[in-house]
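K.L.:
Contents of model.pdb (PDB, C-alpha atoms and all ligand atoms) are given next:
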```
MODEL        1
ATOM      1  CA  MET A   1      -8.434   6.244  -0.564
ATOM      2  CA  ASN A   2     -11.790   7.524  -1.756
ATOM      3  CA  ASN A   3     -13.351   6.758  -5.107
ATOM      4  CA  THR A   4     -12.328   9.907  -6.876
ATOM      5  CA  GLN A   5      -8.699   9.526  -5.880
ATOM      6  CA  ASN A   6      -6.453   7.591  -8.222
ATOM      7  CA  PHE A   7      -3.196   5.875  -7.584
ATOM      8  CA  ILE A   8      -0.276   7.718  -9.162
ATOM      9  CA  LYS A   9       2.573   5.527 -10.377
ATOM     10  CA  THR A  10       5.353   7.588  -8.908
ATOM     11  CA  LYS A  11       9.076   6.903  -9.301
ATOM     12  CA  GLU A  12       9.072   5.511  -5.769
ATOM     13  CA  TYR A  13       6.256   3.157  -6.724
ATOM     14  CA  LYS A  14       8.221   1.936  -9.735
ATOM     15  CA  ARG A  15      11.290   1.329  -7.571
ATOM     16  CA  PHE A  16       9.105  -0.521  -5.070
ATOM     17  CA  ALA A  17       7.570  -2.673  -7.823
ATOM     18  CA  GLU A  18      11.058  -3.598  -9.056
ATOM     19  CA  PHE A  19      11.996  -4.565  -5.517
ATOM     20  CA  CYS A  20       8.901  -6.791  -5.274
ATOM     21  CA  ASP A  21       9.717  -8.385  -8.646
ATOM     22  CA  ALA A  22      13.263  -9.106  -7.488
ATOM     23  CA  CYS A  23      12.114 -10.663  -4.200
ATOM     24  CA  MET A  24       9.744 -12.849  -6.179
ATOM     25  CA  LYS A  25      12.366 -13.868  -8.696
ATOM     26  CA  TYR A  26      14.795 -15.029  -5.999
ATOM     27  CA  LYS A  27      12.083 -16.119  -3.530
ATOM     28  CA  TYR A  28      13.646 -14.021  -0.835
ATOM     29  CA  ILE A  29      12.352 -12.284   2.224
ATOM     30  CA  GLY A  30      12.648  -8.550   1.595
ATOM     31  CA  ILE A  31      12.168  -5.670   3.971
ATOM     32  CA  CYS A  32      10.846  -2.310   2.890
ATOM     33  CA  TYR A  33      10.998   0.590   5.296
ATOM     34  CA  GLY A  34       9.933   4.208   5.072
ATOM     35  CA  LEU A  35       8.436   7.051   7.060
ATOM     36  CA  PRO A  36       4.674   7.146   7.673
ATOM     37  CA  GLY A  37       2.706   8.723   4.847
ATOM     38  CA  VAL A  38       5.128   8.133   1.969
ATOM     39  CA  GLY A  39       2.825   5.603   0.305
ATOM     40  CA  LYS A  40       4.007   2.148   1.401
ATOM     41  CA  THR A  41       0.567   0.723   2.103
ATOM     42  CA  LEU A  42      -1.064   2.118  -1.012
ATOM     43  CA  SER A  43       1.817   0.954  -3.205
ATOM     44  CA  SER A  44       1.671  -2.559  -1.753
ATOM     45  CA  ARG A  45      -2.060  -2.783  -2.282
ATOM     46  CA  TYR A  46      -1.689  -1.492  -5.820
ATOM     47  CA  TYR A  47       1.067  -3.979  -6.622
ATOM     48  CA  ALA A  48      -1.099  -6.835  -5.308
ATOM     49  CA  ASN A  49      -4.207  -5.444  -7.072
ATOM     50  CA  TRP A  50      -5.654  -5.820  -3.585
ATOM     51  CA  ASP A  51      -8.595  -3.408  -3.854
ATOM     52  CA  VAL A  52      -9.970  -5.765  -6.488
ATOM     53  CA  ILE A  53      -8.835  -9.136  -5.131
ATOM     54  CA  GLU A  54      -9.936  -8.453  -1.559
ATOM     55  CA  LYS A  55     -13.499  -7.887  -2.805
ATOM     56  CA  GLN A  56     -13.493 -10.971  -5.004
ATOM     57  CA  ILE A  57     -12.499 -13.289  -2.150
ATOM     58  CA  ALA A  58     -14.664 -11.651   0.542
ATOM     59  CA  HIS A  59     -17.550 -13.382   2.313
ATOM     60  CA  LYS A  60     -20.833 -11.801   1.356
ATOM     61  CA  THR A  61     -24.190 -12.732   2.767
ATOM     62  CA  GLY A  62     -26.578 -14.012   0.153
ATOM     63  CA  LYS A  63     -23.804 -14.668  -2.351
ATOM     64  CA  LYS A  64     -21.785 -17.750  -3.167
ATOM     65  CA  ILE A  65     -18.027 -17.640  -3.053
ATOM     66  CA  GLY A  66     -16.672 -16.695  -6.456
ATOM     67  CA  ASP A  67     -19.849 -14.964  -7.633
ATOM     68  CA  ASP A  68     -18.060 -11.632  -7.911
ATOM     69  CA  ALA A  69     -14.911 -12.952  -9.549
ATOM     70  CA  ASP A  70     -13.592 -11.879 -12.906
ATOM     71  CA  GLU A  71     -10.468 -12.771 -14.871
ATOM     72  CA  GLN A  72      -8.309 -10.584 -12.610
ATOM     73  CA  ILE A  73      -8.414 -13.338  -9.991
ATOM     74  CA  LEU A  74      -6.512 -15.631 -12.369
ATOM     75  CA  LYS A  75      -3.529 -13.288 -12.364
ATOM     76  CA  ALA A  76      -3.501 -12.758  -8.584
ATOM     77  CA  ARG A  77      -0.316 -14.190  -7.144
ATOM     78  CA  THR A  78       0.300 -11.810  -4.241
ATOM     79  CA  ILE A  79      -1.333 -11.799  -0.826
ATOM     80  CA  PHE A  80      -1.502  -8.479   1.010
ATOM     81  CA  TYR A  81      -1.909  -8.799   4.748
ATOM     82  CA  THR A  82      -1.867  -6.189   7.515
ATOM     83  CA  ALA A  83      -0.314  -7.424  10.736
ATOM     84  CA  PRO A  84      -2.918  -7.214  13.496
ATOM     85  CA  SER A  85      -2.332  -4.885  16.424
ATOM     86  CA  VAL A  86      -3.835  -7.464  18.791
ATOM     87  CA  LYS A  87      -4.340 -11.237  18.680
ATOM     88  CA  ALA A  88      -1.359 -11.903  16.443
ATOM     89  CA  THR A  89      -1.435 -15.548  17.551
ATOM     90  CA  LYS A  90      -3.915 -16.361  14.775
ATOM     91  CA  MET A  91      -1.908 -14.691  12.047
ATOM     92  CA  SER A  92      -0.783 -17.891  10.326
ATOM     93  CA  SER A  93      -4.262 -19.251   9.998
ATOM     94  CA  ASP A  94      -5.556 -15.867   8.813
ATOM     95  CA  ILE A  95      -2.978 -15.787   6.023
ATOM     96  CA  ASP A  96      -3.676 -19.457   5.201
ATOM     97  CA  THR A  97      -7.342 -18.612   4.901
ATOM     98  CA  ILE A  98      -6.672 -15.730   2.517
ATOM     99  CA  GLY A  99      -4.441 -17.945   0.359
ATOM    100  CA  GLY A 100      -7.027 -20.724   0.481
ATOM    101  CA  ARG A 101      -9.830 -18.420  -0.564
ATOM    102  CA  MET A 102      -7.796 -17.022  -3.439
ATOM    103  CA  GLY A 103      -7.178 -20.573  -4.668
ATOM    104  CA  MET A 104     -10.809 -21.472  -4.258
ATOM    105  CA  VAL A 105     -12.150 -18.400  -6.063
ATOM    106  CA  LYS A 106      -9.655 -19.014  -8.895
ATOM    107  CA  ALA A 107     -10.813 -22.625  -9.202
ATOM    108  CA  ILE A 108     -14.501 -21.704  -9.095
ATOM    109  CA  TYR A 109     -13.987 -18.981 -11.666
ATOM    110  CA  LYS A 110     -12.243 -21.449 -13.969
ATOM    111  CA  ILE A 111     -14.964 -24.045 -13.475
ATOM    112  CA  ASN A 112     -17.662 -21.452 -14.155
ATOM    113  CA  THR A 113     -16.014 -20.126 -17.279
ATOM    114  CA  GLN A 114     -14.225 -23.178 -18.649
ATOM    115  CA  GLY A 115     -15.928 -26.202 -17.050
ATOM    116  CA  ASP A 116     -14.003 -29.303 -15.968
ATOM    117  CA  GLU A 117     -14.139 -29.537 -12.173
ATOM    118  CA  GLU A 118     -11.360 -31.936 -11.184
ATOM    119  CA  GLU A 119      -8.561 -30.296 -13.043
ATOM    120  CA  TYR A 120      -8.895 -26.919 -11.419
ATOM    121  CA  TYR A 121      -9.145 -27.736  -7.776
ATOM    122  CA  PRO A 122      -6.316 -26.023  -5.837
ATOM    123  CA  LEU A 123      -4.078 -28.238  -3.737
ATOM    124  CA  GLY A 124      -2.877 -25.922  -0.989
ATOM    125  CA  SER A 125      -3.236 -22.383   0.301
ATOM    126  CA  TYR A 126      -0.075 -21.197  -1.415
ATOM    127  CA  GLU A 127      -0.258 -23.324  -4.530
ATOM    128  CA  ASP A 128      -0.688 -20.362  -6.811
ATOM    129  CA  ILE A 129       0.936 -17.665  -4.665
ATOM    130  CA  ASP A 130       4.369 -16.159  -5.327
ATOM    131  CA  LEU A 131       4.530 -13.372  -2.764
ATOM    132  CA  ILE A 132       3.075 -12.405   0.610
ATOM    133  CA  ILE A 133       3.359  -8.742   1.624
ATOM    134  CA  ILE A 134       2.963  -8.122   5.357
ATOM    135  CA  ASP A 135       2.234  -4.488   6.198
ATOM    136  CA  GLU A 136       2.749  -2.871   9.636
ATOM    137  CA  ILE A 137       5.399  -5.387  10.631
ATOM    138  CA  ASP A 138       6.387  -3.095  13.544
ATOM    139  CA  ARG A 139       3.252  -4.207  15.359
ATOM    140  CA  LEU A 140       4.497  -7.758  15.731
ATOM    141  CA  LYS A 141       6.371  -9.113  18.685
ATOM    142  CA  LEU A 142       9.343 -11.271  17.869
ATOM    143  CA  GLN A 143       7.555 -14.474  18.844
ATOM    144  CA  HIS A 144       4.849 -13.746  16.272
ATOM    145  CA  LEU A 145       7.376 -13.338  13.505
ATOM    146  CA  GLU A 146       8.052 -17.035  13.988
ATOM    147  CA  GLN A 147       4.721 -17.763  12.288
ATOM    148  CA  LEU A 148       5.848 -15.854   9.215
ATOM    149  CA  ARG A 149       9.167 -17.653   9.105
ATOM    150  CA  ASP A 150       7.247 -20.910   9.245
ATOM    151  CA  ILE A 151       5.031 -19.973   6.290
ATOM    152  CA  TYR A 152       8.128 -18.883   4.376
ATOM    153  CA  ASP A 153      10.038 -22.084   5.116
ATOM    154  CA  LYS A 154       7.188 -24.413   4.228
ATOM    155  CA  ASN A 155       6.249 -22.790   0.954
ATOM    156  CA  ASN A 156       8.254 -21.895  -2.037
ATOM    157  CA  ILE A 157       7.394 -18.188  -1.978
ATOM    158  CA  ALA A 158       8.758 -14.687  -1.428
ATOM    159  CA  MET A 159       7.788 -12.434   1.466
ATOM    160  CA  ILE A 160       8.038  -8.697   2.001
ATOM    161  CA  PHE A 161       7.827  -6.992   5.371
ATOM    162  CA  ILE A 162       6.736  -3.361   5.344
ATOM    163  CA  GLY A 163       7.576  -1.150   8.283
ATOM    164  CA  MET A 164       9.130   1.970   9.690
ATOM    165  CA  PRO A 165      12.781   2.914   9.410
ATOM    166  CA  GLY A 166      14.702   1.093  12.101
ATOM    167  CA  MET A 167      12.723  -2.142  11.823
ATOM    168  CA  GLU A 168      15.732  -3.900  10.358
ATOM    169  CA  LYS A 169      17.563  -3.336  13.659
ATOM    170  CA  ARG A 170      14.722  -4.899  15.573
ATOM    171  CA  LEU A 171      14.582  -7.858  13.202
ATOM    172  CA  ALA A 172      18.314  -8.344  13.649
ATOM    173  CA  ARG A 173      17.544  -9.493  17.180
ATOM    174  CA  TYR A 174      15.843 -12.506  15.655
ATOM    175  CA  PRO A 175      18.656 -14.261  13.765
ATOM    176  CA  GLN A 176      16.599 -17.186  12.429
ATOM    177  CA  LEU A 177      14.502 -14.731  10.492
ATOM    178  CA  PHE A 178      17.125 -12.090   9.859
ATOM    179  CA  SER A 179      19.427 -14.563   8.142
ATOM    180  CA  ARG A 180      16.709 -15.206   5.576
ATOM    181  CA  ILE A 181      16.360 -11.572   4.539
ATOM    182  CA  GLY A 182      17.739 -11.123   1.054
ATOM    183  CA  PHE A 183      16.922  -7.534   0.114
ATOM    184  CA  ALA A 184      16.237  -4.286   1.934
ATOM    185  CA  HIS A 185      14.575  -1.338   0.268
ATOM    186  CA  GLU A 186      13.964   2.197   1.449
ATOM    187  CA  PHE A 187      10.689   3.788   0.395
ATOM    188  CA  ASP A 188      11.539   7.451   0.022
ATOM    189  CA  ASN A 189       9.559  10.703  -0.062
ATOM    190  CA  LEU A 190       8.576  12.217  -3.383
ATOM    191  CA  SER A 191      11.357  14.326  -4.807
ATOM    192  CA  LYS A 192      10.800  18.087  -5.168
ATOM    193  CA  ASP A 193      10.531  17.783  -8.932
ATOM    194  CA  GLU A 194       8.008  15.011  -8.769
ATOM    195  CA  THR A 195       5.903  16.791  -6.134
ATOM    196  CA  HIS A 196       5.945  19.787  -8.446
ATOM    197  CA  HIS A 197       4.862  17.681 -11.382
ATOM    198  CA  ILE A 198       2.041  16.112  -9.398
ATOM    199  CA  LEU A 199       0.851  19.454  -8.073
ATOM    200  CA  GLU A 200       0.841  20.907 -11.565
ATOM    201  CA  TYR A 201      -0.537  18.100 -13.646
ATOM    202  CA  LYS A 202      -2.181  15.482 -11.477
ATOM    203  CA  TRP A 203      -4.723  17.331  -9.376
ATOM    204  CA  GLY A 204      -7.558  15.279 -10.706
ATOM    205  CA  GLU A 205      -5.870  12.014  -9.864
ATOM    206  CA  LEU A 206      -5.412  13.120  -6.275
ATOM    207  CA  GLY A 207      -9.145  13.714  -6.038
ATOM    208  CA  LEU A 208      -8.625  17.398  -5.391
ATOM    209  CA  SER A 209     -10.912  19.943  -6.931
ATOM    210  CA  ILE A 210      -8.174  22.526  -7.251
ATOM    211  CA  LYS A 211      -6.584  23.692 -10.496
ATOM    212  CA  LEU A 212      -3.319  25.320 -11.340
ATOM    213  CA  GLU A 213      -5.135  28.593 -12.058
ATOM    214  CA  ASP A 214      -6.299  28.606  -8.443
ATOM    215  CA  PHE A 215      -2.791  29.412  -7.296
ATOM    216  CA  SER A 216      -2.124  33.110  -7.066
ATOM    217  CA  ASP A 217       1.561  32.637  -7.702
ATOM    218  CA  TYR A 218       4.400  30.188  -7.944
ATOM    219  CA  GLU A 219       5.443  30.927  -4.392
ATOM    220  CA  ALA A 220       2.302  29.254  -3.082
ATOM    221  CA  ILE A 221       3.241  26.027  -4.894
ATOM    222  CA  THR A 222       6.801  26.268  -3.640
ATOM    223  CA  SER A 223       5.632  26.646  -0.066
ATOM    224  CA  ILE A 224       3.440  23.548  -0.357
ATOM    225  CA  ILE A 225       6.455  21.584  -1.559
ATOM    226  CA  LYS A 226       8.495  22.891   1.347
ATOM    227  CA  ILE A 227       5.879  22.188   4.000
ATOM    228  CA  THR A 228       5.021  18.679   2.842
ATOM    229  CA  ASN A 229       8.570  17.639   1.958
ATOM    230  CA  GLY A 230       7.261  15.105  -0.541
ATOM    231  CA  ASN A 231       5.091  13.252   1.977
ATOM    232  CA  PHE A 232       1.881  12.101   0.271
ATOM    233  CA  ARG A 233      -0.247  12.042   3.391
ATOM    234  CA  LEU A 234       0.794  15.583   4.326
ATOM    235  CA  ILE A 235      -0.074  16.786   0.834
ATOM    236  CA  GLN A 236      -3.569  15.310   1.210
ATOM    237  CA  ARG A 237      -4.053  16.791   4.667
ATOM    238  CA  LEU A 238      -2.723  20.176   3.723
ATOM    239  CA  PHE A 239      -5.141  20.381   0.821
ATOM    240  CA  THR A 240      -8.091  19.450   3.000
ATOM    241  CA  GLN A 241      -7.189  22.430   5.165
ATOM    242  CA  ILE A 242      -6.605  24.685   2.150
ATOM    243  CA  ASP A 243     -10.070  23.782   0.858
ATOM    244  CA  ARG A 244     -11.591  24.543   4.241
ATOM    245  CA  ILE A 245      -9.813  27.881   4.580
ATOM    246  CA  LEU A 246     -10.840  28.972   1.073
ATOM    247  CA  GLU A 247     -14.436  28.099   1.853
ATOM    248  CA  ILE A 248     -14.625  29.716   5.285
ATOM    249  CA  ASN A 249     -13.144  32.942   3.952
ATOM    250  CA  GLY A 250     -14.957  32.941   0.643
ATOM    251  CA  LEU A 251     -11.660  33.016  -1.247
ATOM    252  CA  ASP A 252     -10.953  31.497  -4.636
ATOM    253  CA  MET A 253      -7.204  31.906  -4.875
ATOM    254  CA  ILE A 254      -4.546  29.851  -3.131
ATOM    255  CA  THR A 255      -2.066  32.393  -1.886
ATOM    256  CA  THR A 256       1.006  31.844   0.245
ATOM    257  CA  GLU A 257      -1.005  33.173   3.222
ATOM    258  CA  VAL A 258      -3.694  30.553   2.648
ATOM    259  CA  VAL A 259      -1.064  27.809   2.478
ATOM    260  CA  GLU A 260       0.531  29.042   5.687
ATOM    261  CA  ALA A 261      -2.792  29.276   7.473
ATOM    262  CA  ALA A 262      -3.521  25.709   6.355
ATOM    263  CA  ARG A 263      -0.158  24.571   7.649
ATOM    264  CA  ASP A 264      -0.799  26.240  11.010
ATOM    265  CA  SER A 265      -4.124  24.472  11.371
ATOM    266  CA  LEU A 266      -2.607  21.034  10.805
ATOM    267  CA  VAL A 267      -2.123  19.209  14.061
ATOM    268  CA  LEU A 268       1.361  18.150  13.132
ATOM    269  CA  GLY A 269       4.846  18.758  14.263
ATOM    270  CA  ILE A 270       5.963  20.262  10.980
ATOM    271  CA  LYS A 271       7.773  23.528  10.461
TER     272      LYS A 271
HETATM  273  N1  LIG B 301       0.889   6.608  -5.335
HETATM  274  C1  LIG B 301      -0.053   7.353  -4.736
HETATM  275  N2  LIG B 301      -0.998   7.985  -5.473
HETATM  276  C2  LIG B 301      -1.929   8.757  -4.882
HETATM  277  N3  LIG B 301      -2.009   8.970  -3.560
HETATM  278  C3  LIG B 301      -1.100   8.393  -2.765
HETATM  279  C4  LIG B 301      -0.079   7.527  -3.304
HETATM  280  N4  LIG B 301       0.683   7.079  -2.283
HETATM  281  C5  LIG B 301       0.161   7.615  -1.159
HETATM  282  N5  LIG B 301      -0.905   8.400  -1.429
HETATM  283  C6  LIG B 301      -1.680   9.200  -0.464
HETATM  284  O1  LIG B 301      -0.940   9.261   0.750
HETATM  285  C7  LIG B 301      -1.661   8.651   1.811
HETATM  286  C8  LIG B 301      -0.697   7.839   2.665
HETATM  287  O2  LIG B 301      -0.254   6.696   1.958
HETATM  288  P1  LIG B 301       0.042   5.302   2.694
HETATM  289  O3  LIG B 301       0.277   4.293   1.644
HETATM  290  O4  LIG B 301      -1.017   5.001   3.698
HETATM  291  O5  LIG B 301       1.410   5.647   3.463
HETATM  292  P2  LIG B 301       2.287   4.725   4.423
HETATM  293  O6  LIG B 301       1.742   3.335   4.391
HETATM  294  O7  LIG B 301       3.680   4.837   3.892
HETATM  295  O8  LIG B 301       2.159   5.352   5.795
HETATM  296  C9  LIG B 301      -2.724   7.823   1.156
HETATM  297  O9  LIG B 301      -3.875   7.711   1.942
HETATM  298  C10 LIG B 301      -3.003   8.594  -0.115
HETATM  299  O10 LIG B 301      -3.897   9.650   0.149
HETATM  300 MG    MG B 302       1.005   2.157   5.951
ENDMDL
END
```
Would it be possible to restate this file's structure as structure tokens?
Ligand SMILES: Nc1ncnc2c1ncn2[C@@H]1O[C@H](COP(=O)(O)OP(=O)(O)O)[C@@H](O)[C@H]1O
Ligand SMILES: [Mg+2]
P.N.:
Amino acid sequence: MNNTQNFIKTKEYKRFAEFCDACMKYKYIGICYGLPGVGKTLSSRYYANWDVIEKQIAHKTGKKIGDDADEQILKARTIFYTAPSVKATKMSSDIDTIGGRMGMVKAIYKINTQGDEEEYYPLGSYEDIDLIIIDEIDRLKLQHLEQLRDIYDKNNIAMIFIGMPGMEKRLARYPQLFSRIGFAHEFDNLSKDETHHILEYKWGELGLSIKLEDFSDYEAITSIIKITNGNFRLIQRLFTQIDRILEINGLDMITTEVVEAARDSLVLGIK
């Protein structure tokens, strides 16, 4: 996501956030599945405030750990982690390290702002953590999931696995883990109405420089809704192409023809 693009709290995001809250409340393992591009990764990062937290716990040359922290670190209770596509054997220690750094930055921030060293020192990596979200769970082989089960069993926390539809069937082949799954949640596409609403009123938040007046007619909007079928990533891609086509042809109106030309230039199996 670039700087000018904002996160939109869609209905699907709100449903997802409720699912996360419920997993946390019952300390369950939850699975969340949905098609690529619907917004699973962005929603998880938003829920965990990860764009902020990731920066505050990062190693930076020439800076001491905790130098960049602000009070947001004190509220951080969720780890967001993307399953690696290779070398998944080190996953446990990677997640431990993230948890450890969050605890350390919290403690340092408290010491720096409130004093009193001893009292604030964190005891373990997951001391102050309620939830770990693991994205791209489909990448993991069954034997690597064992590491996640181990973290779950040893700590009093919730976990959420994010993946593609069908992952629950794969996980079912691993009964030790599957039996611990408490909730399943489907992350759906945007509805037609909501896509409409976003296209009409939330251009700016999507980082697009297009306005409602740029559409020649309602049909052009309708065709965008049809082509993208409520998939966020497709909306973004389609608009990149629309922008390009307007520029190349020196046009300033989005007509149905422009939308269709944009669709045809997308390298995607969409109709
Ligand atoms: N809530 C949102 N607000 C704004 N843009 C979004 C939102 N959700 C998704 N997007 C857009 O859609 C793209 C795909 O989202 P992403 O979370 O990567 O999908 P997934 O993980 O389900 O494949 C993002 O890069 C972003 O451009
Ligand atoms: Mg994703």
K.L.:
Find the nearest atom pair between each residue of chain A and ligand MG 302 (chain B) for residues within 7 Å, count only C-alpha atoms and all ligand atoms, give distances in Å to one decimal, sort rows by chain and ascending number, and present the table as CSV.
P.N.:
```
residue,atom,partner,partner_atom,distance
A:Pro36,CA,B:MG302,MG,6.4
A:Gly37,CA,B:MG302,MG,6.9
A:Gly39,CA,B:MG302,MG,6.9
A:Lys40,CA,B:MG302,MG,5.5
A:Thr41,CA,B:MG302,MG,4.1
A:Asp135,CA,B:MG302,MG,6.8
A:Glu136,CA,B:MG302,MG,6.5
```
K.L.:
Those same residues, written as an mmCIF file, in the coordinates of the input with C-alpha atoms?
P.N.:
```cif
data_model
loop_
_atom_site.group_PDB
_atom_site.id
_atom_site.type_symbol
_atom_site.label_atom_id
_atom_site.label_comp_id
_atom_site.auth_asym_id
_atom_site.auth_seq_id
_atom_site.Cartn_x
_atom_site.Cartn_y
_atom_site.Cartn_z
ATOM 1 C CA PRO A 36 4.674 7.146 7.673
ATOM 2 C CA GLY A 37 2.706 8.723 4.847
ATOM 3 C CA GLY A 39 2.825 5.603 0.305
ATOM 4 C CA LYS A 40 4.007 2.148 1.401
ATOM 5 C CA THR A 41 0.567 0.723 2.103
ATOM 6 C CA ASP A 135 2.234 -4.488 6.198
ATOM 7 C CA GLU A 136 2.749 -2.871 9.636
#
```
K.L.:
What are the closest atom pairs, with distances in Å to one decimal, for all residues of chain A lying within 9 Å of ligand LIG 301 (chain B)? Consider all atoms listed in the file, order rows by chain and residue number, and present the result as a Markdown table.
P.N.:
```
| residue | atom | partner | partner_atom | distance |
| --- | --- | --- | --- | --- |
| A:Met1 | CA | B:LIG301 | O9 | 5.4 |
| A:Asn2 | CA | B:LIG301 | O10 | 8.4 |
| A:Gln5 | CA | B:LIG301 | C2 | 6.9 |
| A:Asn6 | CA | B:LIG301 | C2 | 5.7 |
| A:Phe7 | CA | B:LIG301 | N2 | 3.7 |
| A:Ile8 | CA | B:LIG301 | N2 | 3.8 |
| A:Lys9 | CA | B:LIG301 | N1 | 5.4 |
| A:Thr10 | CA | B:LIG301 | N1 | 5.8 |
| A:Glu12 | CA | B:LIG301 | N1 | 8.3 |
| A:Tyr13 | CA | B:LIG301 | N1 | 6.5 |
| A:Tyr33 | CA | B:LIG301 | O7 | 8.6 |
| A:Gly34 | CA | B:LIG301 | O7 | 6.4 |
| A:Leu35 | CA | B:LIG301 | O7 | 6.1 |
| A:Pro36 | CA | B:LIG301 | O8 | 3.6 |
| A:Gly37 | CA | B:LIG301 | O8 | 3.5 |
| A:Val38 | CA | B:LIG301 | O7 | 4.1 |
| A:Gly39 | CA | B:LIG301 | O3 | 3.2 |
| A:Lys40 | CA | B:LIG301 | O7 | 3.7 |
| A:Thr41 | CA | B:LIG301 | O3 | 3.6 |
| A:Leu42 | CA | B:LIG301 | O3 | 3.7 |
| A:Ser43 | CA | B:LIG301 | O3 | 6.1 |
| A:Ser44 | CA | B:LIG301 | O3 | 7.8 |
| A:Arg45 | CA | B:LIG301 | O3 | 8.4 |
| A:Tyr46 | CA | B:LIG301 | N1 | 8.5 |
| A:Asp135 | CA | B:LIG301 | O6 | 8.0 |
| A:Glu136 | CA | B:LIG301 | O6 | 8.2 |
| A:Ile162 | CA | B:LIG301 | O6 | 8.4 |
| A:Gly163 | CA | B:LIG301 | O6 | 8.3 |
| A:Met164 | CA | B:LIG301 | O7 | 8.5 |
| A:Phe187 | CA | B:LIG301 | O7 | 7.9 |
| A:Glu205 | CA | B:LIG301 | C2 | 7.1 |
| A:Leu206 | CA | B:LIG301 | C2 | 5.8 |
| A:Gly207 | CA | B:LIG301 | C2 | 8.8 |
| A:Asn231 | CA | B:LIG301 | O1 | 7.3 |
| A:Phe232 | CA | B:LIG301 | O1 | 4.0 |
| A:Arg233 | CA | B:LIG301 | O1 | 3.9 |
| A:Leu234 | CA | B:LIG301 | O1 | 7.5 |
| A:Ile235 | CA | B:LIG301 | O1 | 7.6 |
| A:Gln236 | CA | B:LIG301 | O10 | 5.8 |
| A:Arg237 | CA | B:LIG301 | O10 | 8.5 |
```
K.L.:
In Å, with one decimal, what is the gap from CA of Asn155 (chain A) to CA of Met91 (chain A)?
P.N.:
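For CA of Asn155 (chain A) relative to CA of Met91 (chain A), the distance reads 16.0 Å.
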K.L.:
For the provided coordinates, the residues matched by the PyMOL selection byres (((chain A and resi 81-89) around 9) and not hetatm) should be stated as a list in words.
P.N.:
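Evaluating the PyMOL selection byres (((chain A and resi 81-89) around 9) and not hetatm) on this file yields Ile79, Phe80, Lys90, Met91, Ser92, Ser93, Asp94, Ile95, Ile98, Ile132, Ile133, Ile134, Asp135, Glu136, Ile137, Asp138, Arg139, Leu140, Lys141, His144 and Gln147 of chain A.
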K.L.:
In Å to one decimal, how far is CA of Ile157 (chain A) from CA of Cys20 (chain A)?
P.N.:
12.0 Å
K.L.:
Name every residue that the PyMOL selection byres (((chain A and resi 62-73) around 9) and not hetatm) selects in this structure, writing the answer as a VMD selection string with chains first and numbers rising.
P.N.:
chain A and resid 49 52 to 53 55 to 61 74 to 77 101 to 102 104 to 110
K.L.:
With C-alpha atoms retained, write the just-selected residues as an mmCIF file, in the frame of the given file.
P.N.:
```cif
data_model
loop_
_atom_site.group_PDB
_atom_site.id
_atom_site.type_symbol
_atom_site.label_atom_id
_atom_site.label_comp_id
_atom_site.auth_asym_id
_atom_site.auth_seq_id
_atom_site.Cartn_x
_atom_site.Cartn_y
_atom_site.Cartn_z
ATOM 1 C CA ASN A 49 -4.207 -5.444 -7.072
ATOM 2 C CA VAL A 52 -9.970 -5.765 -6.488
ATOM 3 C CA ILE A 53 -8.835 -9.136 -5.131
ATOM 4 C CA LYS A 55 -13.499 -7.887 -2.805
ATOM 5 C CA GLN A 56 -13.493 -10.971 -5.004
ATOM 6 C CA ILE A 57 -12.499 -13.289 -2.150
ATOM 7 C CA ALA A 58 -14.664 -11.651 0.542
ATOM 8 C CA HIS A 59 -17.550 -13.382 2.313
ATOM 9 C CA LYS A 60 -20.833 -11.801 1.356
ATOM 10 C CA THR A 61 -24.190 -12.732 2.767
ATOM 11 C CA LEU A 74 -6.512 -15.631 -12.369
ATOM 12 C CA LYS A 75 -3.529 -13.288 -12.364
ATOM 13 C CA ALA A 76 -3.501 -12.758 -8.584
ATOM 14 C CA ARG A 77 -0.316 -14.190 -7.144
ATOM 15 C CA ARG A 101 -9.830 -18.420 -0.564
ATOM 16 C CA MET A 102 -7.796 -17.022 -3.439
ATOM 17 C CA MET A 104 -10.809 -21.472 -4.258
ATOM 18 C CA VAL A 105 -12.150 -18.400 -6.063
ATOM 19 C CA LYS A 106 -9.655 -19.014 -8.895
ATOM 20 C CA ALA A 107 -10.813 -22.625 -9.202
ATOM 21 C CA ILE A 108 -14.501 -21.704 -9.095
ATOM 22 C CA TYR A 109 -13.987 -18.981 -11.666
ATOM 23 C CA LYS A 110 -12.243 -21.449 -13.969
#
```
K.L.:
Return as number ranges by chain the set of residues that the PyMOL selection byres (((chain A and resi 183) around 7) and not hetatm) yields on the displayed structure.
P.N.:
A: 29-31, 181-182, 184-185
K.L.:
Mind dumping the selected residues with C-alpha atoms as a tab-separated table (two decimals), in the frame of the given file?
P.N.:
```
chain	number	residue	atom	x	y	z
A	29	ILE	CA	12.35	-12.28	2.22
A	30	GLY	CA	12.65	-8.55	1.60
A	31	ILE	CA	12.17	-5.67	3.97
A	181	ILE	CA	16.36	-11.57	4.54
A	182	GLY	CA	17.74	-11.12	1.05
A	184	ALA	CA	16.24	-4.29	1.93
A	185	HIS	CA	14.58	-1.34	0.27
```
K.L.:
By how many Å are CA of Arg15 (chain A) and CA of Ile160 (chain A) apart?
P.N.:
14.2 Å
K.L.:
Could you name the residues that touch region 245-251 of chain A at 12 Å or less, counting only C-alpha atoms, but leaving out those on the same chain fewer than 3 positions away, as a list in words?
P.N.:
Ile210, Asp214, Phe215, Ser216, Leu238, Phe239, Thr240, Gln241, Ile242, Ile254, Thr255, Glu257, Val258, Val259, Glu260, Ala261, Ala262, Arg263, Asp264, Ser265 and Leu266 of chain A
K.L.:
Using all atoms listed in the file, which residue out of A:Met24, A:Leu212, A:Ile129, A:Leu177 lies closest to Leu148 (chain A)?
P.N.:
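Among the listed residues, A:Leu177 lies closest to Leu148 (chain A).
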